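Engineer: Quick one: structure below, then a few questions.
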Amino acid sequence: MAINDGLTIGALATRTGLAVSAIRYYEAQGLIKPWRNGGGQRRFARADLRRLSFVMIAQQFGFTLPQIRIQLEGLPNGRTPTKADWAAISAGFRDSLDARITTLTKLRDNLDGCIGCGCLSLEACALYNPQDKAAENGQGPRYLMGDVPSN
């Protein structure tokens, strides 16, 4: 097969380790855009190998498909993305990843105290939330997410 012929869905599945059904799903979500050859068969650009690899890695970091699609829309169509193109979309995830790292580090450093606490001393508890004041900042364990009690 010539490089200009593109990759079949089976070849793309073999190279990425994804099921054919997953590749079709990602196509339906607009993450990759194949074309049809003269025989009407779906063909994929070699650059789709990297796009799908990026999708798989970004999902492991907890990003949603809509978030990933927004980033991939910054890549050029009609040519293979360059290192600079990939650097630009990676920057789009950097702030979010830094925030997650900070949250995970705080959780890791405080988890043993929280689990072992048994709430024997509510005044010293990192989650102590009298009158549910933390709810003013949103849902979830606000103090573990980085919010600071206003008192």
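Going through the structure tokens in order, the chains are called A, B, and so on, while each chain numbers its residues from 1 and the ligands are numbered from 1 in the order shown.
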What are the closest atom pairs, with distances in Å to one decimal, for each residue of range 30-136 of chain A lying within 12 Å of range 5-19 of chain A, using only C-alpha atoms, rows by chain and rising residue number, as a tab-separated table?
Structural biologist:
residue	atom	partner	partner_atom	distance
A:Ile32	CA	A:Leu12	CA	11.5
A:Lys33	CA	A:Ile9	CA	11.7
A:Pro34	CA	A:Gly6	CA	8.9
A:Trp35	CA	A:Gly6	CA	8.9
A:Arg36	CA	A:Gly6	CA	9.7
A:Asn37	CA	A:Asp5	CA	7.7
A:Gly38	CA	A:Asp5	CA	10.1
A:Gly39	CA	A:Asp5	CA	11.5
A:Gly40	CA	A:Thr8	CA	11.6
A:Gln41	CA	A:Thr8	CA	8.0
A:Arg42	CA	A:Thr8	CA	6.5
A:Arg43	CA	A:Thr8	CA	5.1
A:Phe44	CA	A:Leu7	CA	4.9
A:Ala45	CA	A:Gly6	CA	5.2
A:Arg46	CA	A:Gly6	CA	6.6
A:Ala47	CA	A:Gly6	CA	9.7
A:Asp48	CA	A:Leu12	CA	8.1
A:Leu49	CA	A:Thr16	CA	6.6
A:Arg50	CA	A:Thr16	CA	8.9
A:Arg51	CA	A:Thr16	CA	10.1
A:Leu52	CA	A:Thr16	CA	7.3
A:Ser53	CA	A:Thr16	CA	6.9
A:Phe54	CA	A:Thr16	CA	10.7
A:Val55	CA	A:Thr16	CA	10.8
A:Met56	CA	A:Leu18	CA	9.2
A:Ile57	CA	A:Thr16	CA	11.7
Engineer: Extract the full set of strand (DSSP E) residues from chain A according to DSSP on the backbone, and format it as a PyMOL selection string.
Structural biologist: chain A and resi 35-36+42-43
Engineer: Using DSSP on the backbone coordinates, identify all residues within range 32-67 of chain A classified as alpha helix (DSSP H); present the result as a PyMOL selection string.
Structural biologist: chain A and resi 47-60+65-67
Engineer: Take the residues just selected and output them with N, CA and C atoms as a compact mmCIF listing (two decimals), in the first residue's frame.
Structural biologist:
# COMPACT_ATOMS: atom_id res chain seq x y z
N ALA A 47 -1.20 10.59 10.24
CA ALA A 47 -1.26 11.49 11.40
C ALA A 47 -2.35 11.07 12.39
N ASP A 48 -3.33 10.29 11.92
CA ASP A 48 -4.38 9.82 12.84
C ASP A 48 -3.83 8.86 13.89
N LEU A 49 -2.69 8.24 13.64
CA LEU A 49 -2.05 7.41 14.66
C LEU A 49 -1.72 8.27 15.88
N ARG A 50 -1.16 9.45 15.65
CA ARG A 50 -0.83 10.34 16.77
C ARG A 50 -2.07 10.95 17.39
N ARG A 51 -3.03 11.29 16.56
CA ARG A 51 -4.27 11.84 17.11
C ARG A 51 -4.91 10.84 18.07
N LEU A 52 -5.00 9.59 17.65
CA LEU A 52 -5.62 8.58 18.51
C LEU A 52 -4.76 8.30 19.74
N SER A 53 -3.45 8.33 19.59
CA SER A 53 -2.58 8.17 20.75
C SER A 53 -2.82 9.30 21.75
N PHE A 54 -2.96 10.52 21.23
CA PHE A 54 -3.24 11.67 22.09
C PHE A 54 -4.58 11.49 22.80
N VAL A 55 -5.59 11.00 22.07
CA VAL A 55 -6.91 10.76 22.68
C VAL A 55 -6.78 9.77 23.83
N MET A 56 -6.07 8.68 23.60
CA MET A 56 -5.95 7.65 24.65
C MET A 56 -5.22 8.19 25.87
N ILE A 57 -4.15 8.95 25.67
CA ILE A 57 -3.40 9.51 26.79
C ILE A 57 -4.24 10.55 27.53
N ALA A 58 -4.90 11.43 26.78
CA ALA A 58 -5.71 12.48 27.41
C ALA A 58 -6.85 11.87 28.23
N GLN A 59 -7.44 10.78 27.74
CA GLN A 59 -8.49 10.11 28.50
C GLN A 59 -7.93 9.53 29.80
N GLN A 60 -6.72 9.00 29.76
CA GLN A 60 -6.11 8.47 30.98
C GLN A 60 -5.90 9.57 32.01
N LEU A 65 -14.05 13.57 26.10
CA LEU A 65 -13.94 13.65 24.64
C LEU A 65 -14.23 15.05 24.10
N PRO A 66 -15.22 15.77 24.62
CA PRO A 66 -15.41 17.15 24.14
C PRO A 66 -14.18 18.04 24.41
N GLN A 67 -13.54 17.88 25.56
CA GLN A 67 -12.33 18.65 25.86
C GLN A 67 -11.21 18.27 24.89
Engineer: With only C-alpha atoms as the counted atoms, please give the residues lying no more than 10 Å from Gln71 in chain A, apart from itself and same-chain residues fewer than 2 positions off, as a list in words.
Structural biologist: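 Contacts, with the query itself left out: Leu31, Val55, Leu65, Pro66, Gln67, Ile68, Arg69, Glu73, Gly74, Leu75, Trp86, Ala88, Ile89, Ser90, Ala91, Gly92 and Phe93 of chain A.
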Engineer: Write the residues you've just listed into a file as a PDB file, in the first residue's frame, and include C-alpha atoms for each of them.
Structural biologist:
ATOM      1  CA  LEU A  31     -11.770  13.282  16.648  1.00  0.00           C
ATOM      2  CA  VAL A  55      -6.909  10.759  22.676  1.00  0.00           C
ATOM      3  CA  LEU A  65     -13.937  13.646  24.638  1.00  0.00           C
ATOM      4  CA  PRO A  66     -15.407  17.151  24.140  1.00  0.00           C
ATOM      5  CA  GLN A  67     -12.330  18.649  25.857  1.00  0.00           C
ATOM      6  CA  ILE A  68     -10.050  16.516  23.703  1.00  0.00           C
ATOM      7  CA  ARG A  69     -11.942  17.440  20.517  1.00  0.00           C
ATOM      8  CA  GLU A  73      -9.432  21.189  16.433  1.00  0.00           C
ATOM      9  CA  GLY A  74      -6.269  23.280  16.827  1.00  0.00           C
ATOM     10  CA  LEU A  75      -4.335  20.825  14.676  1.00  0.00           C
ATOM     11  CA  TRP A  86       1.542  19.469  19.241  1.00  0.00           C
ATOM     12  CA  ALA A  88       0.463  24.366  21.202  1.00  0.00           C
ATOM     13  CA  ILE A  89      -2.302  21.895  22.041  1.00  0.00           C
ATOM     14  CA  SER A  90      -0.293  20.454  24.923  1.00  0.00           C
ATOM     15  CA  ALA A  91      -0.173  23.943  26.419  1.00  0.00           C
ATOM     16  CA  GLY A  92      -3.969  23.857  26.431  1.00  0.00           C
ATOM     17  CA  PHE A  93      -3.885  21.005  28.933  1.00  0.00           C
TER      18      PHE A  93
END
Engineer: In Å, with one decimal, what is the gap from CA of Asp147 in chain A to CA of Leu107 in chain A?
Structural biologist: 12.6 Å
Engineer: One number please: CA of Leu97 in chain A to CA of Phe61 in chain A, in Å, one decimal.
Structural biologist: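 Computed distance, CA of Leu97 in chain A to CA of Phe61 in chain A, equals 8.0 Å.
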